[in-house]
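To start, the structure itself, in structure tokens.
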Amino acid sequence: MSNGKIVRILTIFSGISLPVLMAGQVGPAPVNSYQPLAPASAQPTEGQFQGSVPQGQATPNAIPLTLDGAIARGLKANLGLLVSEQADRDSKAIRIRALAGLLPTVTGAVTENVDQINLKTFGFNFNFPGFNIPSVVGPFHYNEARAYAKVPILDLAQRRNFQATRERDKAAELSIKDARDLVVEAVGNSYLKIIADGALVLSTQAQVNTAQVLFDRASDQKKAGTSPGIDVLRSQVELKRQQQLLLAEQNQLEKDKLMLGRVIGLPPGQQFTVADPNPDVPLEAMSLADALHQAYEHRSDYQAAQASVRAAELAKRAARSQWYPTITAEGNYGVSGTDFTESHGVFSFLAGLNFNVYDGGKIKADVLQADVILTNRRNDVENLRGQIDYQVRSSLLDLKSAQDQVDVAKSNVTLANETLTQARDRFSAGVADNLEVVQAQQSVASAEQDLINAQYQNNLARVELARSLGLAEEGVRGYFSKGQPGQPAAPAPQP
């Protein structure tokens, strides 16, 4: 055999066969593809529900804004809801990633290989007398096109991990519903605060007008010599006090309007007007037991917390499942040759049963960590259950108290106005000085402010009750919109 033939044989053997075998080799599969679930995205904080992403451009004219319109804007632009929606998207991404670990993966590759090999590195050290065999062969080349596939046949840890991500996905979707309720609550509170501010401004403006009339009358009577100068000073002090209150309340009204604009995402600088949302809609009586039943049935945050517990239970089972064997299959198929016109099919296949023997305590640590998370989630559920009970009871008490306060405040306003009328008559008749009138006017102002505050607290209690029942989005419209079709009956505390 000539030297040239031996070189060609060794070149073919070492340059083509060995690289092809090495390229097609399938390594041992991992025992499982378990990874602890990534932490869920942070849910929105309370402060984020007071912010928004402004929508559109401000118009030169003030726009009318009803309670329903404000809620609709808030559900589109409120920052807390937007953050919650992005957390839901992140949860879906985690679920898709976990699902990918259970599905086959297929990849492909087309390669052009150029090699020069030192045969001695492969254990070939030929030394035949009379033959000059080189130890280095090449350079030579070959082409290859292959498809690679990996199929996880059985992996309980990854399967249960995926089941945990589905429960977390449900919790994220329920958190969006809860975020919508929180937006409605924030919008309702801000809107009703503006209504109360507007009522205070109107009431104080009326007191300013009354104080102005009293001051003018005292000034005229002093000029006529029928009233002392102290009456003029006293009425002037009362006028200035009411004017100062009016300025403060007007400023507070504008600030609260700015806050509502932030909550619902109005363009900066957009002016708007509000309308009283008809707070006199009667409420159906509801017992405490019925209210608690509705709350536990409808509160999305409570349902989301329960879903989080189920997810934590599955995550703990997934961690334990790392002790179970896994079954995987891997393989590839393709063509290889000095060029694709002279190629031949090549393939490799591997199926294996893989199991843990010793992992240094990693699985134990994973189980312990999962148990800590599960315990925290269970504690969160029990805490939330108690919180819901407290919120429902408090809301019912606040609503009953606020309704009674409104009735008392209305009666007090009537009595204060009668007292002011009599004081004016006595002052006009000259049988009393204007001190009695000033005191009566202050009593009227105080009574009207008490009535406005009681009405605001009554409205606020309705919003808080709807939130505590988990029906904020449906309930607030039902509490404040008489005669709207499709609105649920508004519950109220049973006497």
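Residue numbering restarts at 1 for every chain of the structure tokens, chains are lettered A, B, ... in their displayed order, and ligands are numbered from 1 as they appear.
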Applying 7 Å and only C-alpha atoms, which residues near Val274 in chain A remain after dropping the ones on its own chain fewer than 2 positions away? List them as an mmCIF file with N, CA and C atoms, in the first residue's frame.
```cif
data_model
loop_
_atom_site.group_PDB
_atom_site.id
_atom_site.type_symbol
_atom_site.label_atom_id
_atom_site.label_comp_id
_atom_site.auth_asym_id
_atom_site.auth_seq_id
_atom_site.Cartn_x
_atom_site.Cartn_y
_atom_site.Cartn_z
ATOM 1 N N PRO A 64 -67.853 69.164 30.757
ATOM 2 C CA PRO A 64 -68.714 68.612 31.812
ATOM 3 C C PRO A 64 -68.242 67.210 32.176
ATOM 4 N N LEU A 65 -68.212 66.920 33.449
ATOM 5 C CA LEU A 65 -67.699 65.627 33.904
ATOM 6 C C LEU A 65 -68.659 65.051 34.932
ATOM 7 N N THR A 66 -69.366 63.989 34.538
ATOM 8 C CA THR A 66 -70.243 63.287 35.471
ATOM 9 C C THR A 66 -69.450 62.250 36.246
ATOM 10 N N PHE A 272 -62.839 71.606 34.143
ATOM 11 C CA PHE A 272 -64.053 70.788 34.032
ATOM 12 C C PHE A 272 -65.056 71.215 35.095
ATOM 13 N N ASP A 276 -73.826 67.086 40.801
ATOM 14 C CA ASP A 276 -74.203 66.294 41.970
ATOM 15 C C ASP A 276 -74.770 64.958 41.491
#
```
task = Determine which residues of range 116-288 of chain A DSSP labels as helix (DSSP H, G or I) from the backbone of this structure, then write them out as a PyMOL selection string.
result = chain A and resi 119-122+156-224+229-264+288
Grab the residues selected above and save them as a compact mmCIF listing (two decimals), in the first residue's frame with C-alpha atoms.
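Result file follows (selection.txt):
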```
# COMPACT_ATOMS: atom_id res chain seq x y z
CA LEU A 119 -3.38 12.36 14.73
CA LYS A 120 -1.26 11.92 17.81
CA THR A 121 -3.90 13.75 19.86
CA PHE A 122 -6.33 10.92 18.96
CA LEU A 156 -43.35 15.97 37.23
CA ALA A 157 -41.48 18.89 38.78
CA GLN A 158 -41.82 21.00 35.66
CA ARG A 159 -45.45 19.94 35.17
CA ARG A 160 -46.43 21.03 38.67
CA ASN A 161 -44.46 24.20 38.25
CA PHE A 162 -46.55 24.95 35.19
CA GLN A 163 -49.75 24.24 37.15
CA ALA A 164 -48.55 26.72 39.78
CA THR A 165 -48.03 29.39 37.13
CA ARG A 166 -51.61 28.91 35.91
CA GLU A 167 -52.91 29.62 39.41
CA ARG A 168 -50.66 32.66 39.65
CA ASP A 169 -52.03 33.81 36.31
CA LYS A 170 -55.57 33.52 37.71
CA ALA A 171 -54.51 35.55 40.74
CA ALA A 172 -53.07 38.25 38.47
CA GLU A 173 -56.31 38.45 36.48
CA LEU A 174 -58.32 38.75 39.69
CA SER A 175 -55.94 41.46 40.88
CA ILE A 176 -56.91 43.50 37.81
CA LYS A 177 -60.57 43.28 38.86
CA ASP A 178 -59.60 44.37 42.36
CA ALA A 179 -57.54 47.22 40.91
CA ARG A 180 -60.60 48.39 38.96
CA ASP A 181 -62.57 48.49 42.22
CA LEU A 182 -59.80 50.52 43.84
CA VAL A 183 -59.84 52.96 40.91
CA VAL A 184 -63.62 53.37 41.25
CA GLU A 185 -63.17 53.96 44.98
CA ALA A 186 -60.44 56.55 44.41
CA VAL A 187 -62.43 58.34 41.69
CA GLY A 188 -65.64 58.26 43.72
CA ASN A 189 -63.96 59.68 46.80
CA SER A 190 -62.26 62.47 44.83
CA TYR A 191 -65.43 63.34 42.91
CA LEU A 192 -67.61 63.43 46.04
CA LYS A 193 -65.03 65.58 47.80
CA ILE A 194 -65.40 68.15 45.03
CA ILE A 195 -69.19 68.05 45.43
CA ALA A 196 -68.78 68.71 49.16
CA ASP A 197 -66.26 71.49 48.49
CA GLY A 198 -68.65 73.13 46.04
CA ALA A 199 -71.47 72.99 48.58
CA LEU A 200 -69.21 74.56 51.21
CA VAL A 201 -68.25 77.35 48.81
CA LEU A 202 -71.91 78.10 48.04
CA SER A 203 -72.84 77.99 51.72
CA THR A 204 -69.96 80.27 52.71
CA GLN A 205 -70.75 82.65 49.87
CA ALA A 206 -74.29 82.90 51.24
CA GLN A 207 -72.87 83.66 54.68
CA VAL A 208 -70.64 86.33 53.17
CA ASN A 209 -73.69 87.90 51.54
CA THR A 210 -75.59 87.75 54.82
CA ALA A 211 -72.66 89.26 56.71
CA GLN A 212 -72.44 92.03 54.10
CA VAL A 213 -76.14 92.85 54.56
CA LEU A 214 -75.69 92.86 58.33
CA PHE A 215 -72.67 95.14 58.05
CA ASP A 216 -74.51 97.55 55.74
CA ARG A 217 -77.51 97.65 58.06
CA ALA A 218 -75.34 98.26 61.12
CA SER A 219 -73.53 101.06 59.27
CA ASP A 220 -76.82 102.71 58.27
CA GLN A 221 -78.19 102.48 61.80
CA LYS A 222 -75.00 103.99 63.20
CA LYS A 223 -75.32 106.91 60.78
CA ALA A 224 -78.92 107.29 61.89
CA GLY A 229 -70.26 101.78 66.75
CA ILE A 230 -69.48 98.43 68.34
CA ASP A 231 -72.22 96.86 66.25
CA VAL A 232 -70.51 98.06 63.07
CA LEU A 233 -67.14 96.70 64.19
CA ARG A 234 -68.67 93.40 65.24
CA SER A 235 -70.48 92.94 61.93
CA GLN A 236 -67.36 93.93 60.01
CA VAL A 237 -65.25 91.34 61.86
CA GLU A 238 -67.83 88.67 61.01
CA LEU A 239 -67.81 89.74 57.35
CA LYS A 240 -64.02 89.48 57.15
CA ARG A 241 -64.07 86.07 58.86
CA GLN A 242 -66.57 84.71 56.35
CA GLN A 243 -64.59 86.18 53.44
CA GLN A 244 -61.45 84.47 54.73
CA LEU A 245 -63.27 81.15 55.00
CA LEU A 246 -64.58 81.60 51.47
CA LEU A 247 -61.07 82.13 50.08
CA ALA A 248 -59.76 79.03 51.86
CA GLU A 249 -62.66 76.87 50.66
CA GLN A 250 -62.35 78.10 47.08
CA ASN A 251 -58.66 77.23 47.17
CA GLN A 252 -59.42 73.76 48.56
CA LEU A 253 -62.01 73.21 45.82
CA GLU A 254 -59.47 73.98 43.10
CA LYS A 255 -56.85 71.72 44.70
CA ASP A 256 -59.33 68.84 44.96
CA LYS A 257 -60.25 69.32 41.31
CA LEU A 258 -56.57 69.04 40.46
CA MET A 259 -56.42 65.81 42.46
CA LEU A 260 -59.38 64.33 40.57
CA GLY A 261 -57.71 65.27 37.31
CA ARG A 262 -54.59 63.36 38.43
CA VAL A 263 -56.61 60.29 39.40
CA ILE A 264 -58.51 60.02 36.09
CA LEU A 288 -74.65 41.75 58.16
```
Inset, instruction - Mind listing the strand (DSSP E or B) residues of range 3-243 of chain A, per DSSP on the backbone, as a PyMOL selection string? - result: chain A and resi 52+63-65+78+105-118+136-154
Output the selection as an mmCIF file, in the first residue's frame - N, CA and C atoms for each residue.
```cif
data_model
loop_
_atom_site.group_PDB
_atom_site.id
_atom_site.type_symbol
_atom_site.label_atom_id
_atom_site.label_comp_id
_atom_site.auth_asym_id
_atom_site.auth_seq_id
_atom_site.Cartn_x
_atom_site.Cartn_y
_atom_site.Cartn_z
ATOM 1 N N SER A 52 -51.804 58.885 37.471
ATOM 2 C CA SER A 52 -52.358 58.439 36.193
ATOM 3 C C SER A 52 -51.386 58.779 35.074
ATOM 4 N N ILE A 63 -64.895 71.147 30.366
ATOM 5 C CA ILE A 63 -65.720 70.030 29.912
ATOM 6 C C ILE A 63 -66.617 69.569 31.056
ATOM 7 N N PRO A 64 -67.853 69.164 30.757
ATOM 8 C CA PRO A 64 -68.714 68.612 31.812
ATOM 9 C C PRO A 64 -68.242 67.210 32.176
ATOM 10 N N LEU A 65 -68.212 66.920 33.449
ATOM 11 C CA LEU A 65 -67.699 65.627 33.904
ATOM 12 C C LEU A 65 -68.659 65.051 34.932
ATOM 13 N N ASN A 78 -55.763 55.426 34.997
ATOM 14 C CA ASN A 78 -55.215 55.409 36.352
ATOM 15 C C ASN A 78 -53.946 54.559 36.414
ATOM 16 N N THR A 105 -38.541 20.837 21.808
ATOM 17 C CA THR A 105 -37.788 21.918 21.171
ATOM 18 C C THR A 105 -37.083 21.349 19.943
ATOM 19 N N VAL A 106 -37.129 22.094 18.866
ATOM 20 C CA VAL A 106 -36.517 21.677 17.621
ATOM 21 C C VAL A 106 -35.643 22.814 17.118
ATOM 22 N N THR A 107 -34.406 22.503 16.811
ATOM 23 C CA THR A 107 -33.475 23.490 16.256
ATOM 24 C C THR A 107 -32.813 22.905 15.014
ATOM 25 N N GLY A 108 -32.242 23.745 14.228
ATOM 26 C CA GLY A 108 -31.552 23.313 13.023
ATOM 27 C C GLY A 108 -30.232 24.036 12.866
ATOM 28 N N ALA A 109 -29.333 23.421 12.104
ATOM 29 C CA ALA A 109 -28.028 24.043 11.881
ATOM 30 C C ALA A 109 -27.465 23.567 10.544
ATOM 31 N N VAL A 110 -26.882 24.487 9.821
ATOM 32 C CA VAL A 110 -26.134 24.175 8.601
ATOM 33 C C VAL A 110 -24.721 24.695 8.820
ATOM 34 N N THR A 111 -23.732 23.792 8.708
ATOM 35 C CA THR A 111 -22.369 24.175 9.039
ATOM 36 C C THR A 111 -21.405 23.828 7.909
ATOM 37 N N GLU A 112 -20.383 24.605 7.830
ATOM 38 C CA GLU A 112 -19.242 24.365 6.936
ATOM 39 C C GLU A 112 -18.024 24.213 7.830
ATOM 40 N N ASN A 113 -17.407 23.019 7.826
ATOM 41 C CA ASN A 113 -16.320 22.709 8.742
ATOM 42 C C ASN A 113 -15.007 22.559 7.975
ATOM 43 N N VAL A 114 -13.966 23.188 8.432
ATOM 44 C CA VAL A 114 -12.621 23.069 7.883
ATOM 45 C C VAL A 114 -11.704 22.684 9.036
ATOM 46 N N ASP A 115 -10.994 21.547 8.896
ATOM 47 C CA ASP A 115 -10.173 21.034 9.991
ATOM 48 C C ASP A 115 -8.775 20.667 9.502
ATOM 49 N N GLN A 116 -7.856 20.761 10.421
ATOM 50 C CA GLN A 116 -6.528 20.163 10.283
ATOM 51 C C GLN A 116 -6.243 19.461 11.598
ATOM 52 N N ILE A 117 -5.894 18.159 11.541
ATOM 53 C CA ILE A 117 -5.868 17.325 12.740
ATOM 54 C C ILE A 117 -4.474 16.778 12.972
ATOM 55 N N ASN A 118 -4.054 16.803 14.203
ATOM 56 C CA ASN A 118 -2.846 16.113 14.651
ATOM 57 C C ASN A 118 -3.272 14.737 15.141
ATOM 58 N N VAL A 136 0.215 14.894 10.974
ATOM 59 C CA VAL A 136 -0.764 15.964 10.772
ATOM 60 C C VAL A 136 -1.409 15.769 9.412
ATOM 61 N N VAL A 137 -2.722 15.747 9.378
ATOM 62 C CA VAL A 137 -3.469 15.607 8.131
ATOM 63 C C VAL A 137 -4.365 16.812 7.957
ATOM 64 N N GLY A 138 -4.659 17.096 6.741
ATOM 65 C CA GLY A 138 -5.498 18.245 6.446
ATOM 66 C C GLY A 138 -4.657 19.382 5.902
ATOM 67 N N PRO A 139 -5.262 20.525 5.699
ATOM 68 C CA PRO A 139 -6.683 20.798 6.025
ATOM 69 C C PRO A 139 -7.657 20.112 5.062
ATOM 70 N N PHE A 140 -8.820 19.789 5.585
ATOM 71 C CA PHE A 140 -9.900 19.197 4.811
ATOM 72 C C PHE A 140 -11.211 19.794 5.310
ATOM 73 N N HIS A 141 -12.272 19.580 4.606
ATOM 74 C CA HIS A 141 -13.545 20.196 4.979
ATOM 75 C C HIS A 141 -14.691 19.228 4.734
ATOM 76 N N TYR A 142 -15.801 19.524 5.400
ATOM 77 C CA TYR A 142 -17.052 18.804 5.136
ATOM 78 C C TYR A 142 -18.216 19.741 5.462
ATOM 79 N N ASN A 143 -19.341 19.479 4.837
ATOM 80 C CA ASN A 143 -20.576 20.248 5.062
ATOM 81 C C ASN A 143 -21.577 19.384 5.827
ATOM 82 N N GLU A 144 -22.438 20.054 6.579
ATOM 83 C CA GLU A 144 -23.413 19.308 7.379
ATOM 84 C C GLU A 144 -24.670 20.146 7.570
ATOM 85 N N ALA A 145 -25.819 19.478 7.479
ATOM 86 C CA ALA A 145 -27.116 20.107 7.780
ATOM 87 C C ALA A 145 -27.891 19.154 8.679
ATOM 88 N N ARG A 146 -28.322 19.637 9.834
ATOM 89 C CA ARG A 146 -28.998 18.755 10.797
ATOM 90 C C ARG A 146 -30.162 19.481 11.465
ATOM 91 N N ALA A 147 -31.108 18.652 11.908
ATOM 92 C CA ALA A 147 -32.196 19.121 12.767
ATOM 93 C C ALA A 147 -32.080 18.387 14.094
ATOM 94 N N TYR A 148 -32.186 19.141 15.208
ATOM 95 C CA TYR A 148 -32.045 18.570 16.541
ATOM 96 C C TYR A 148 -33.382 18.693 17.262
ATOM 97 N N ALA A 149 -33.760 17.658 17.994
ATOM 98 C CA ALA A 149 -35.029 17.666 18.731
ATOM 99 C C ALA A 149 -34.799 17.134 20.132
ATOM 100 N N LYS A 150 -35.501 17.740 21.088
ATOM 101 C CA LYS A 150 -35.473 17.272 22.466
ATOM 102 C C LYS A 150 -36.910 17.211 22.965
ATOM 103 N N VAL A 151 -37.310 16.052 23.486
ATOM 104 C CA VAL A 151 -38.700 15.851 23.908
ATOM 105 C C VAL A 151 -38.709 15.443 25.372
ATOM 106 N N PRO A 152 -39.243 16.313 26.272
ATOM 107 C CA PRO A 152 -39.405 15.892 27.671
ATOM 108 C C PRO A 152 -40.644 15.004 27.796
ATOM 109 N N ILE A 153 -40.441 13.704 28.037
ATOM 110 C CA ILE A 153 -41.566 12.768 28.103
ATOM 111 C C ILE A 153 -42.235 12.804 29.467
ATOM 112 N N LEU A 154 -41.455 12.852 30.533
ATOM 113 C CA LEU A 154 -42.020 12.877 31.883
ATOM 114 C C LEU A 154 -41.140 13.730 32.770
#
```
- Message: At a cut-off of 7 Å, using only C-alpha atoms, what residues contact range 442-445 of chain A? Leave out same-chain residues fewer than 2 positions from it and give the result as a ChimeraX atom specification.
- Response: /A:207,413,416-417,438-440,447-449
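Here CA of Ser411 in chain A stands at a distance of 18.6 Å from CA of Ala423 in chain A.
Proximity ranking of A:Asn332, A:Ser428, A:Ser91, A:Ser468 relative to Tyr390 in chain A places A:Ser468 first, based on only C-alpha atoms.
In this comparison, which uses only C-alpha atoms, the residue of A:Asn379, A:Ser321, A:Gly430, A:Gly470 approaching Gly225 in chain A most closely is A:Gly430.
Here CA of Tyr324 in chain A stands at a distance of 17.4 Å from CA of Leu368 in chain A.
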Residues near Glu46 in chain A, anyone? I mean within 8 Å using only C-alpha atoms, not counting same-chain ones fewer than 3 positions away, as a list in words. Phe49, Gln50 and Gly80 of chain A
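Atom pair CA of Pro267 in chain A / CA of Ala58 in chain A has a distance of 5.2 Å (rounded to one decimal).
Closest to Ala72 in chain A among A:Val335, A:Leu399, A:Leu266, A:Ala370 is A:Leu266, based on only C-alpha atoms.
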At a cut-off of 10 Å, using only C-alpha atoms, what residues contact Gln391 in chain A? Leave out same-chain residues fewer than 3 positions from it and give the result as a list in words.
Leu292, Ala295, Arg385, Gly386, Gln387, Ile388, Ser394, Ser395, Leu396, Leu397, Glu464, Leu465, Arg467, Ser468 and Leu469 of chain A
